[in-house]
Amino acid sequence: MTRPSGPDRRGGTRPPRRPDTAPPPAVDQARAAALELLSAVRTDGAYANLALPRILAARGLSGRDAGLATDLAYGSCRAMGLIDGIIAECSDRPLEDLDGAVLDALRLGTYQLLRTRIPAHAAVSTTVDLVRSGPRPGAAGFANAILRKVGQRSEDQWVAVLAPPVDVDPVGHWAVATAHPRWISQAFADALAPRSDELAAALQADDVRPRVHLVARPGRITRDELVAAAGGTAAAYSPYGVYLDEGDPGRIAAVADGRAAVQDEGSQLVAVALANAPLEGTDRRWLDLAAGPGGKAGLLGALVAGRDGTLDAVEPAPHRADLVRKTVRGLPVTVRTADGRDPGFEPGTFDRVLLDAPCTGLGALRRRPEARWRRSPSAVAGLVSLQGELLASALRLVRVGGVVGYVTCSPHLAETEGVLRRLGDDVTVLDARAMLPGVPDLGDGPTVQLWPHRHGTDAMFLALIRRDA
Ligand SMILES: C[S@@+](CC[C@H](N)C(=O)[O-])C[C@H]1O[C@@H](n2cnc3c(N)ncnc32)[C@H](O)[C@@H]1O
């Protein structure tokens with residue numbers, strides 16, 4: 001006997017059939033845009049920060065509608081693990097059995113109920129409308145029932161239901177309470193130790209949208225001139241940094257013509273620290289061993305130009321190597337498309353080498369709303385092994401007495417101190433704190449770990465390693 005086809009009222013995956021009566025409701029464009037983004041993230045692996053501007057433009061959304069769509073889309077992406085845990089608690093079916101489009105709508109609705117000031121009735125009814133106008137209109141009642149259960153508790157009350165007590169399992173508690181996977185909460189806790197009281201603040205900082213930082217490229221424009229031209233304020237720590245409070249940096253003439261660029265202050269600081277590390281003898285040939293897309297190569301290129309030197313930049317991905325070429329135009333920088341493990345230079349060629357290694361990127365989660373759920377701990381081992389090989393190459397290519405700056409945009413100890421543990425006794429790890437004057441809270445040294453919640457920068461790690469023999 002064949003079952004009649006038709007929509008599964010509980011959001012399941014049976015073939016859809018729209019009811020013959022009632023036309024689909026008109027849905028509001030901001031929520032429809034946010035839903036489209038969640039679908040793109042789920043089905044295409046889209047990067048939210050790249051996909052959303054395209055979606056907004058295609059729907060002609062701007063101003064308040066664009067602002068609402070952005071908040072709903074990014075907020076739902078960031079909180080997804082917590083939201084899914086709550087939906088699972090309210091549903092008598094596993095999330096895997098729910099239709100993806102229905103689940104995305106429920107995520108949006110749950111986010112609105114728990115993390116916005118949108119009235120509960122509006123959060124529920126607009127979500128039900130989204131479901132009714134989507135591929136599973138028959139699941140509207142199911143969505144309504146789930147959201148009514150979700151709305152019976154506040155976020156804090158849900159956390160109390162789902163998270164282990166903070167005194168028993170602080171890592172697990174803050175993972176749930178700040179909507180992070182446990183392995184990331186653990187990685188932050190390990191890197192912060194012994195200051196475990198900062199774990200919540202460090203995780204919460206990933207939900208704060210970063211300010212735009214500009215770098216005034218030395219020799220091309222001063223920081224004061226950039227402040228005068230672009231507005232904003234001088235950065236707290238980087239001698240070349242400017243904080244931009246509002247406006248589109250692309251519209252700033254100095255950015256458009258390459259005298260300045262958008263660059264996180266932490267990235268500026270690690271590049272400047274390498275450039276200022278003490279060195280005896282020549283100081284004319286610098287190397288950036290993992291350069292794409294070229295942010296630090298742009299700053300190092302401007303700095304080495306002031307010393308009548310040159311920078312070589314290595315990047316294996318052709319499209320990223322092209323981005324470096326674009327970024328360093330007009331600077332004494334030569335870009336080579338090659339693998340940093342064997343880029344083809346003579347050993348001992350360079351006075352200073354930057355290795356800004358490929359890494360998990362756990363230090364920049366605030367820039368990518370969905371990233372915390374997409375990164376996997378299984379990637380760490382492979383990255384650590386690549387980082388070790390690249391560091392060995394950097395130490396081969398630097399001359400005796402020269403300095404390698406080992407940098408990651410991750411505080412994960414395996415990628416930072418763990419990689420350094422393999423260094424031989426023919427090198428000295430210099431005190432990098434001395435190269436960052438005025439920057440507070442840099443720990444016991446000799447390496448440096450920056451943090452968004454402490455410094456307002458990405459969580460960059462820096463070790464300055466001198467080759468002694
Ligand atoms: C963290 S990013 C560098 C960011 C860059 N320094 C900047 O400031 O714009 C790491 C780069 O390493 C590159 N990479 C990956 N594998 C590599 C390898 N075997 N050798 C050199 N670079 C590699 C990646 O393509 C990526 O562009």
# chains A, B, ... in the order shown; residues from 1 in each chain; ligands from 1
>>> residues_near_ligand(ligand="ligand 1", cutoff="7 Å", atoms="only C-alpha atoms and all ligand atoms", output="ChimeraX atom specification")
/A:267,289-297,314-317,320,338-341,356-359,386,390,408-409
>>> residues_around(residues="Gly241 (chain A)", least_positions_apart="2", cutoff="7 Å", atoms="only C-alpha atoms", output="PyMOL selection string")
chain A and resi 213-216+223+234-235+238-239+243+265
>>> residues_around(residues="Pro332 (chain A)", least_positions_apart="4", cutoff="9 Å", atoms="only C-alpha atoms", output="NGL selection string")
:A and (301-302 or 304-305 or 308-312 or 328)
>>> atom_distance(atom1="CA of Arg422 (chain A)", atom2="CA of Ala459 (chain A)")
22.5 Å
>>> residues_around(residues="region 160-171 of chain A", least_positions_apart="6", cutoff="8 Å", atoms="only C-alpha atoms", output="count of residues only")
7
>>> select_by_dssp(residues="region 215-406 of chain A", states="strand (DSSP E or B)", output="ChimeraX atom specification")
/A:215-216,233-234,241-244,260-262,285-288,310-314,333-336,350-356,398-406
>>> atom_distance(atom1="CA of Asp190 (chain A)", atom2="CA of Ala79 (chain A)")
22.4 Å
>>> closest_residue(among="A:Pro135, A:Gly100, A:Pro218, A:Pro210", to="Thr43 (chain A)", atoms="only C-alpha atoms")
A:Gly100
>>> closest_residue(among="A:Val150, A:Ala277, A:Ala122, A:Ala33", to="Asp84 (chain A)", atoms="only C-alpha atoms")
A:Val150
>>> closest_residue(among="A:Gln152, A:Ser62, A:Gln29, A:Ser378", to="Leu130 (chain A)", atoms="only C-alpha atoms")
A:Gln29
>>> closest_residue(among="A:Ile87, A:Leu299, A:Val398, A:Val128", to="Leu331 (chain A)", atoms="only C-alpha atoms")
A:Leu299
>>> select_by_dssp(residues="region 66-189 of chain A", states="alpha helix (DSSP H)", output="ChimeraX atom specification")
/A:66-78,80-90,100-115,120-132,140-150,155-162,170-177,182-189
>>> atom_distance(atom1="CA of Ala229 (chain A)", atom2="CA of Gly306 (chain A)")
22.9 Å
>>> residues_around(residues="Val102 (chain A)", least_positions_apart="4", cutoff="10 Å", atoms="only C-alpha atoms", output="PyMOL selection string")
chain A and resi 10-13+35+98+106-108+127-128+130-132+134-137+139-140+142-143
>>> write_last_selection(atoms="N, CA and C atoms", output="PDB file, in the first residue's frame")
ATOM      1  N   ARG A  10       5.639  17.325  11.002  1.00  0.00           N
ATOM      2  CA  ARG A  10       6.631  17.583  12.036  1.00  0.00           C
ATOM      3  C   ARG A  10       7.987  17.963  11.452  1.00  0.00           C
ATOM      4  N   GLY A  11       7.961  18.515  10.251  1.00  0.00           N
ATOM      5  CA  GLY A  11       9.203  19.036   9.710  1.00  0.00           C
ATOM      6  C   GLY A  11      10.126  17.971   9.174  1.00  0.00           C
ATOM      7  N   GLY A  12       9.599  16.791   8.867  1.00  0.00           N
ATOM      8  CA  GLY A  12      10.445  15.711   8.393  1.00  0.00           C
ATOM      9  C   GLY A  12      10.797  15.860   6.933  1.00  0.00           C
ATOM     10  N   THR A  13      11.326  14.783   6.363  1.00  0.00           N
ATOM     11  CA  THR A  13      11.904  14.901   5.036  1.00  0.00           C
ATOM     12  C   THR A  13      11.057  14.227   3.954  1.00  0.00           C
ATOM     13  N   LEU A  35      17.337  33.856   6.565  1.00  0.00           N
ATOM     14  CA  LEU A  35      17.090  32.422   6.344  1.00  0.00           C
ATOM     15  C   LEU A  35      17.908  31.914   5.148  1.00  0.00           C
ATOM     16  N   LEU A  98      15.063  16.366  11.029  1.00  0.00           N
ATOM     17  CA  LEU A  98      14.259  17.518  10.608  1.00  0.00           C
ATOM     18  C   LEU A  98      14.697  17.977   9.229  1.00  0.00           C
ATOM     19  N   LEU A 106      13.677  27.448  12.454  1.00  0.00           N
ATOM     20  CA  LEU A 106      13.604  27.320  13.920  1.00  0.00           C
ATOM     21  C   LEU A 106      14.803  27.992  14.594  1.00  0.00           C
ATOM     22  N   ARG A 107      15.951  27.879  13.958  1.00  0.00           N
ATOM     23  CA  ARG A 107      17.148  28.535  14.517  1.00  0.00           C
ATOM     24  C   ARG A 107      16.946  30.049  14.566  1.00  0.00           C
ATOM     25  N   LEU A 108      16.418  30.574  13.462  1.00  0.00           N
ATOM     26  CA  LEU A 108      16.162  32.029  13.422  1.00  0.00           C
ATOM     27  C   LEU A 108      15.150  32.443  14.484  1.00  0.00           C
ATOM     28  N   THR A 127       8.367  33.417  12.078  1.00  0.00           N
ATOM     29  CA  THR A 127       9.047  32.143  11.774  1.00  0.00           C
ATOM     30  C   THR A 127       8.048  31.158  11.168  1.00  0.00           C
ATOM     31  N   VAL A 128       6.866  31.116  11.736  1.00  0.00           N
ATOM     32  CA  VAL A 128       5.846  30.210  11.196  1.00  0.00           C
ATOM     33  C   VAL A 128       5.530  30.605   9.754  1.00  0.00           C
ATOM     34  N   LEU A 130       7.615  31.969   7.682  1.00  0.00           N
ATOM     35  CA  LEU A 130       8.738  31.519   6.845  1.00  0.00           C
ATOM     36  C   LEU A 130       8.584  30.041   6.500  1.00  0.00           C
ATOM     37  N   VAL A 131       8.192  29.257   7.492  1.00  0.00           N
ATOM     38  CA  VAL A 131       8.030  27.818   7.234  1.00  0.00           C
ATOM     39  C   VAL A 131       6.882  27.602   6.254  1.00  0.00           C
ATOM     40  N   ARG A 132       5.797  28.339   6.467  1.00  0.00           N
ATOM     41  CA  ARG A 132       4.613  28.146   5.629  1.00  0.00           C
ATOM     42  C   ARG A 132       4.886  28.530   4.175  1.00  0.00           C
ATOM     43  N   GLY A 134       7.818  28.199   2.792  1.00  0.00           N
ATOM     44  CA  GLY A 134       8.982  27.451   2.317  1.00  0.00           C
ATOM     45  C   GLY A 134       8.602  26.116   1.715  1.00  0.00           C
ATOM     46  N   PRO A 135       9.582  25.226   1.580  1.00  0.00           N
ATOM     47  CA  PRO A 135       9.328  23.942   0.918  1.00  0.00           C
ATOM     48  C   PRO A 135       8.513  22.960   1.756  1.00  0.00           C
ATOM     49  N   ARG A 136       8.330  23.217   3.062  1.00  0.00           N
ATOM     50  CA  ARG A 136       7.572  22.309   3.941  1.00  0.00           C
ATOM     51  C   ARG A 136       6.462  23.059   4.655  1.00  0.00           C
ATOM     52  N   PRO A 137       5.502  23.587   3.914  1.00  0.00           N
ATOM     53  CA  PRO A 137       4.466  24.409   4.570  1.00  0.00           C
ATOM     54  C   PRO A 137       3.713  23.635   5.644  1.00  0.00           C
ATOM     55  N   ALA A 139       4.816  21.894   7.894  1.00  0.00           N
ATOM     56  CA  ALA A 139       5.532  21.848   9.169  1.00  0.00           C
ATOM     57  C   ALA A 139       5.306  23.112   9.995  1.00  0.00           C
ATOM     58  N   ALA A 140       4.413  24.001   9.512  1.00  0.00           N
ATOM     59  CA  ALA A 140       4.212  25.275  10.225  1.00  0.00           C
ATOM     60  C   ALA A 140       3.727  25.029  11.657  1.00  0.00           C
ATOM     61  N   PHE A 142       4.193  22.393  13.522  1.00  0.00           N
ATOM     62  CA  PHE A 142       5.316  21.833  14.285  1.00  0.00           C
ATOM     63  C   PHE A 142       6.243  22.957  14.746  1.00  0.00           C
ATOM     64  N   ALA A 143       6.573  23.884  13.826  1.00  0.00           N
ATOM     65  CA  ALA A 143       7.466  25.000  14.168  1.00  0.00           C
ATOM     66  C   ALA A 143       6.838  25.851  15.264  1.00  0.00           C
TER      67      ALA A 143
END
>>> residues_around(residues="Val407 (chain A)", least_positions_apart="4", cutoff="7 Å", atoms="only C-alpha atoms", output="tab-separated table (two decimals) with all heavy atoms, in the first residue's frame")
chain	number	residue	atom	x	y	z
A	355	LEU	N	57.09	33.89	9.74
A	355	LEU	CA	56.25	32.74	9.42
A	355	LEU	C	54.91	32.94	10.12
A	355	LEU	O	54.77	32.70	11.32
A	355	LEU	CB	56.90	31.43	9.90
A	355	LEU	CG	55.98	30.21	9.78
A	355	LEU	CD1	55.47	30.03	8.35
A	355	LEU	CD2	56.66	28.95	10.26
A	356	ASP	N	53.96	33.46	9.37
A	356	ASP	CA	52.59	33.65	9.87
A	356	ASP	C	51.83	32.41	9.42
A	356	ASP	O	51.22	32.39	8.36
A	356	ASP	CB	52.01	34.93	9.26
A	356	ASP	CG	50.64	35.27	9.81
A	356	ASP	OD1	50.23	34.68	10.82
A	356	ASP	OD2	49.98	36.14	9.21
A	357	ALA	N	51.92	31.38	10.22
A	357	ALA	CA	51.62	30.02	9.75
A	357	ALA	C	50.13	29.77	9.53
A	357	ALA	O	49.29	30.33	10.24
A	357	ALA	CB	52.14	29.03	10.79
A	460	MET	N	46.48	36.90	18.47
A	460	MET	CA	47.71	36.54	17.76
A	460	MET	C	48.75	36.04	18.77
A	460	MET	O	48.88	36.61	19.86
A	460	MET	CB	48.31	37.75	17.04
A	460	MET	CG	47.38	38.53	16.15
A	460	MET	SD	46.83	37.67	14.69
A	460	MET	CE	48.35	37.29	13.87
A	461	PHE	N	49.49	35.03	18.35
A	461	PHE	CA	50.61	34.52	19.14
A	461	PHE	C	51.90	34.91	18.43
A	461	PHE	O	51.97	34.85	17.19
A	461	PHE	CB	50.52	33.00	19.26
A	461	PHE	CG	51.75	32.37	19.88
A	461	PHE	CD1	51.88	32.28	21.25
A	461	PHE	CD2	52.77	31.87	19.08
A	461	PHE	CE1	53.01	31.70	21.83
A	461	PHE	CE2	53.91	31.28	19.64
A	461	PHE	CZ	54.02	31.20	21.02
A	462	LEU	N	52.92	35.28	19.19
A	462	LEU	CA	54.21	35.64	18.58
A	462	LEU	C	55.37	35.06	19.38
A	462	LEU	O	55.42	35.20	20.60
A	462	LEU	CB	54.37	37.17	18.55
A	462	LEU	CG	55.78	37.69	18.21
A	462	LEU	CD1	56.15	37.39	16.75
A	462	LEU	CD2	55.87	39.20	18.46
A	463	ALA	N	56.27	34.41	18.65
A	463	ALA	CA	57.57	34.03	19.23
A	463	ALA	C	58.65	34.60	18.33
A	463	ALA	O	58.55	34.50	17.09
A	463	ALA	CB	57.69	32.51	19.29
>>> residues_around(residues="Asp245 (chain A)", least_positions_apart="2", cutoff="10 Å", atoms="only C-alpha atoms", output="list in words")
Arg211, Val212, His213, Ala230, Gly231, Gly232, Thr233, Val242, Tyr243, Gly247 and Asp248 of chain A
